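Novice: I'd like to ask some things about the structure below.
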Amino acid sequence: MGGEDEVRNKQVVLRQYVTGFPKEEDMAIISTTMKLKLPEGSAGVLVKNLYLSCDPYMRHPMSAGSGTSDYLPKYYPGSPLFGYGVSKVVDSRSSDFKIGDLVWGTTGWEEYSVISSTDRLTKIEDISVPLSYYSGLLGMAGFTAYVGFHEICSPKKGDCVYVSAAAGAVGQLVGQFAKLLGCYVVGSAGSKEKIDLLKNKLGFDEAFNYKEEHDLDATLKRYFPEGIDIYFENVGGPMLDAVLLNMKLHGRISVCGMISQYNLEKPQGIHNLRQVVAKRINIQGFLQSDHFHLYPQFRHLTLRYIKEGKITYVEDIAEGLEAAPAALVGIFKGRNIGKQSVFIARDQV
Ligand code: NAP
């Protein structure tokens with residue numbers, strides 16, 4: 001520990017660039033120190049991190065060569081990872097944030113972070129819900145579900161909706177938004193526990209374990225005898241191929257992500273794209289960040305749903321910064337049940 005006004009700042013750093021599935025050993029916990037004051041002339045805010053969010057996209061900047069053609073900034077060996085989190089402002093040079101404010105946005109995987117650019121930092125106004133919700137449900141993941149479903153899928157009452165990775169952060173909410181609109185909703189996930197959760201707690205009409213199905217085309221025909229109006233795509237690969245065979249005329253596919261492909265050296269091919277022509281399917285990829293102007297309306301609606309008991313939210317919260325590497329690696333193995341976040345510190349400075 002350094003001088004009186006210095007604090008310990010533990011960090012999760014990338015040890016080496018990753019190929020294939022990420023491992024805990026690709027990251028290391030190191031201990032540094034820092035002053036709890038922004039240096040003279042610096043901009044932005046200094047924050048204490050309270051929750052960190054584990055997100056599948058974090059795999060991309062772990063690869064050597066990422067960041068050049070991709071839309072994401074890259075990680076560097078020896079430097080802390082960064083991602084979405086919930087934090088408390090401990091020093092500020094920004095007129096938008098004062099000491100003591102709670103915020104969510106991009107921060108470092110460490111105990112304290114300097115956030116120089118505060119453009120995408122959002123002040124947390126309503127703390128009547130658990131603070132962890134802003135690392136998922138009321139943060140990036142929830143907002144992704146909202147824009148990916150409502151803005152991209154053109155949903156209407158009675159639509160037949162299929163959601164993959166349905167027991168995860170985004171999927172569980174897409175299913176619930178679709179049910180609130182009066183859709184028929186089927187989800188898939190990778191364990192019996194997750195299937196029970198989807199059917200008995202999250203209100204999905206049906207759910208199946210994709211790992212136990214040997215013919216995904218036949219499985220989808222069983223759950224959607226008339227076909228699928230909307231597919232919310234989280235996984236890609238063979239699932240997308242099977243879905244294409246089961247879409248209705250003028251069906252919509254919202255491409256949110258393709259987690260089954262993120263750790264492969266060579267992505268799998270898609271064979272049934274001819275269906276896009278024959279069925280006039282609209283396939284659209286999106287990034288939640290392009291729609292951020294809609295965040296206030298999403299927050300307003302979702303807070304109302306939470307308070308009226310219309311939304312159930314399942315979180316999987318790991319304890320402590322040391323647990324963060326395992327938590328992040330776990331989402332690529334399906335170990336998380338619900339939204340994977342990491343608790344770092346209490347809301348006290
Ligand atoms: P998540 O569902 O909470 O966690 C990932 C889940 O994916 C795992 O729990 C696992 O569940 C499943 N999975 C892992 N490997 C798989 C594989 N090979 N095949 C099928 N399923 C697999 O993650 P999330 O945060 O909600 O993200 C879901 C998707 O949304 C990801 O593709 C992510 O990249 C994307 N996303 C996109 C945006 C955007 O702006 N476009 C924003 C946020 C997230 P099982 O037990 O079911 O296998």
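A note on labels: chains of the structure tokens are A, B, ... as shown, every chain counts residues from 1, and ligands are counted from 1 in their shown order.
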With only C-alpha atoms and all ligand atoms counted, collect every polymer residue having an atom within 6 Å of ligand 1; state the result as an NGL selection string.

Specialist: :A and (55-57 or 141 or 144 or 165 or 168-171 or 189-191 or 234-235 or 256-260 or 286-288 or 331-336 or 338-339)

Novice: Tell me which protein, DNA and RNA residues are within 7 Å of Glu206 of chain A, counting only C-alpha atoms, leaving out same-chain ones fewer than 3 positions away, and put them as a list in words.

Specialist: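 After dropping sequence-adjacent residues, the list is Val185, Val186, Gly187 and Lys199 of chain A.
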
Novice: At a cut-off of 12 Å, can you tabulate as a Markdown table every residue of segment 195-284 of chain A near segment 294-314 of chain A together with its closest atom pair and the distance in Å to one decimal, using only C-alpha atoms and ordering rows by chain then number?

Specialist:
| residue | atom | partner | partner_atom | distance |
| --- | --- | --- | --- | --- |
| A:Leu197 | CA | A:Val314 | CA | 9.2 |
| A:Leu198 | CA | A:Val314 | CA | 10.4 |
| A:Asn200 | CA | A:Thr312 | CA | 11.2 |
| A:Lys201 | CA | A:Thr312 | CA | 7.6 |
| A:Leu202 | CA | A:Thr312 | CA | 6.3 |
| A:Gly203 | CA | A:Thr312 | CA | 9.0 |
| A:Phe204 | CA | A:Thr312 | CA | 11.7 |

Novice: Report the closest atom pair, with its distance in Å rounded to one decimal, for each residue of segment 173-207 of chain A that has an atom no farther than 12 Å from segment 229-233 of chain A; count only C-alpha atoms, sort by chain and then rising residue number, and write it as a Markdown table.

Specialist:
| residue | atom | partner | partner_atom | distance |
| --- | --- | --- | --- | --- |
| A:Leu173 | CA | A:Phe232 | CA | 11.2 |
| A:Val174 | CA | A:Phe232 | CA | 7.9 |
| A:Gly175 | CA | A:Phe232 | CA | 9.2 |
| A:Phe177 | CA | A:Phe232 | CA | 11.9 |
| A:Ala178 | CA | A:Ile230 | CA | 10.0 |
| A:Cys183 | CA | A:Ile230 | CA | 9.9 |
| A:Tyr184 | CA | A:Asp229 | CA | 9.9 |
| A:Val185 | CA | A:Ile230 | CA | 9.5 |
| A:Val186 | CA | A:Tyr231 | CA | 9.8 |
| A:Gly187 | CA | A:Phe232 | CA | 9.6 |
| A:Ser188 | CA | A:Phe232 | CA | 11.0 |

Novice: Would you save the residues from that selection as a compact mmCIF listing (two decimals), in the first residue's frame, using all heavy atoms?

Specialist:
# COMPACT_ATOMS: atom_id res chain seq x y z
N LEU A 173 -35.64 -12.21 -21.06
CA LEU A 173 -36.45 -11.00 -21.17
C LEU A 173 -37.18 -10.92 -22.50
O LEU A 173 -38.33 -10.48 -22.56
CB LEU A 173 -35.57 -9.76 -20.97
CG LEU A 173 -35.06 -9.68 -19.53
CD1 LEU A 173 -33.92 -8.70 -19.40
CD2 LEU A 173 -36.20 -9.31 -18.59
N VAL A 174 -36.54 -11.38 -23.57
CA VAL A 174 -37.22 -11.41 -24.87
C VAL A 174 -38.50 -12.24 -24.73
O VAL A 174 -39.59 -11.83 -25.15
CB VAL A 174 -36.32 -12.02 -25.97
CG1 VAL A 174 -37.10 -12.21 -27.26
CG2 VAL A 174 -35.10 -11.13 -26.22
N GLY A 175 -38.37 -13.40 -24.10
CA GLY A 175 -39.54 -14.27 -23.92
C GLY A 175 -40.65 -13.59 -23.14
O GLY A 175 -41.83 -13.69 -23.47
N PHE A 177 -41.08 -10.24 -22.74
CA PHE A 177 -41.65 -9.13 -23.52
C PHE A 177 -42.66 -9.70 -24.53
O PHE A 177 -43.72 -9.12 -24.76
CB PHE A 177 -40.56 -8.35 -24.26
CG PHE A 177 -39.72 -7.46 -23.37
CD1 PHE A 177 -38.34 -7.36 -23.55
CD2 PHE A 177 -40.30 -6.69 -22.36
CE1 PHE A 177 -37.57 -6.53 -22.74
CE2 PHE A 177 -39.53 -5.85 -21.54
CZ PHE A 177 -38.16 -5.78 -21.73
N ALA A 178 -42.31 -10.84 -25.12
CA ALA A 178 -43.20 -11.45 -26.13
C ALA A 178 -44.49 -11.95 -25.47
O ALA A 178 -45.59 -11.78 -26.03
CB ALA A 178 -42.47 -12.59 -26.83
N CYS A 183 -47.92 -13.13 -27.39
CA CYS A 183 -47.36 -14.08 -28.37
C CYS A 183 -47.33 -15.49 -27.77
O CYS A 183 -47.37 -15.67 -26.55
CB CYS A 183 -45.95 -13.68 -28.76
SG CYS A 183 -45.80 -12.03 -29.47
N TYR A 184 -47.19 -16.48 -28.66
CA TYR A 184 -46.89 -17.86 -28.24
C TYR A 184 -45.36 -17.96 -28.25
O TYR A 184 -44.73 -17.67 -29.26
CB TYR A 184 -47.52 -18.83 -29.23
CG TYR A 184 -47.03 -20.26 -29.12
CD1 TYR A 184 -47.42 -21.09 -28.08
CD2 TYR A 184 -46.18 -20.78 -30.11
CE1 TYR A 184 -46.96 -22.40 -27.99
CE2 TYR A 184 -45.71 -22.10 -30.04
CZ TYR A 184 -46.12 -22.90 -28.98
OH TYR A 184 -45.66 -24.19 -28.90
N VAL A 185 -44.77 -18.36 -27.11
CA VAL A 185 -43.31 -18.28 -26.99
C VAL A 185 -42.69 -19.62 -26.59
O VAL A 185 -43.10 -20.22 -25.58
CB VAL A 185 -42.91 -17.21 -25.95
CG1 VAL A 185 -41.39 -17.03 -25.93
CG2 VAL A 185 -43.58 -15.88 -26.24
N VAL A 186 -41.71 -20.03 -27.37
CA VAL A 186 -40.94 -21.25 -27.06
C VAL A 186 -39.48 -20.85 -26.91
O VAL A 186 -38.96 -20.06 -27.71
CB VAL A 186 -41.08 -22.29 -28.19
CG1 VAL A 186 -40.25 -23.55 -27.87
CG2 VAL A 186 -42.55 -22.67 -28.39
N GLY A 187 -38.82 -21.39 -25.89
CA GLY A 187 -37.40 -21.12 -25.69
C GLY A 187 -36.60 -22.39 -25.67
O GLY A 187 -37.12 -23.47 -25.37
N SER A 188 -35.31 -22.28 -26.00
CA SER A 188 -34.42 -23.44 -25.85
C SER A 188 -33.25 -23.04 -24.95
O SER A 188 -32.86 -21.88 -24.89
CB SER A 188 -33.90 -23.93 -27.20
OG SER A 188 -33.18 -22.90 -27.86

Novice: Tell me, as a list of chain:residue names, which residues lie within 9 Å of Glu226 of chain A, counting only C-alpha atoms; anything in the same chain fewer than 3 positions away does not count.

Specialist: A:Cys160, A:Lys221, A:Tyr223, A:Asn246, A:Met247, A:Lys248

Novice: With a distance cut-off of 8 Å and only C-alpha atoms, select the neighbouring residues of Gly85 of chain A, excluding the residue or stretch itself and same-chain residues fewer than 5 positions from it, and output the selection as a PyMOL selection string.

Specialist: chain A and resi 49-53+104-107+134-135

Novice: For the residues selected in the previous step, produce a file with C-alpha atoms as a compact mmCIF listing (two decimals), in the first residue's frame.

Specialist:
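Output file part.txt is given in full below:
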# COMPACT_ATOMS: atom_id res chain seq x y z
CA ASN A 49 -16.98 -0.58 -9.12
CA LEU A 50 -19.85 -2.43 -7.43
CA TYR A 51 -21.03 -5.00 -10.01
CA LEU A 52 -19.46 -6.22 -13.24
CA SER A 53 -21.40 -7.79 -16.08
CA TRP A 104 -23.88 2.17 -15.09
CA GLY A 105 -21.82 1.92 -18.27
CA THR A 106 -18.43 0.71 -19.46
CA THR A 107 -15.86 0.38 -16.71
CA TYR A 134 -28.42 -2.19 -13.68
CA SER A 135 -25.74 -4.72 -14.65

Novice: Please run DSSP on the backbone and report, as a ChimeraX atom specification, all residues within segment 71-298 of chain A that come out as strand (DSSP E).

Specialist: /A:82-92,102-108,112-115,122-123,160-163,184-189,206-209,228-233,247-255,282-285
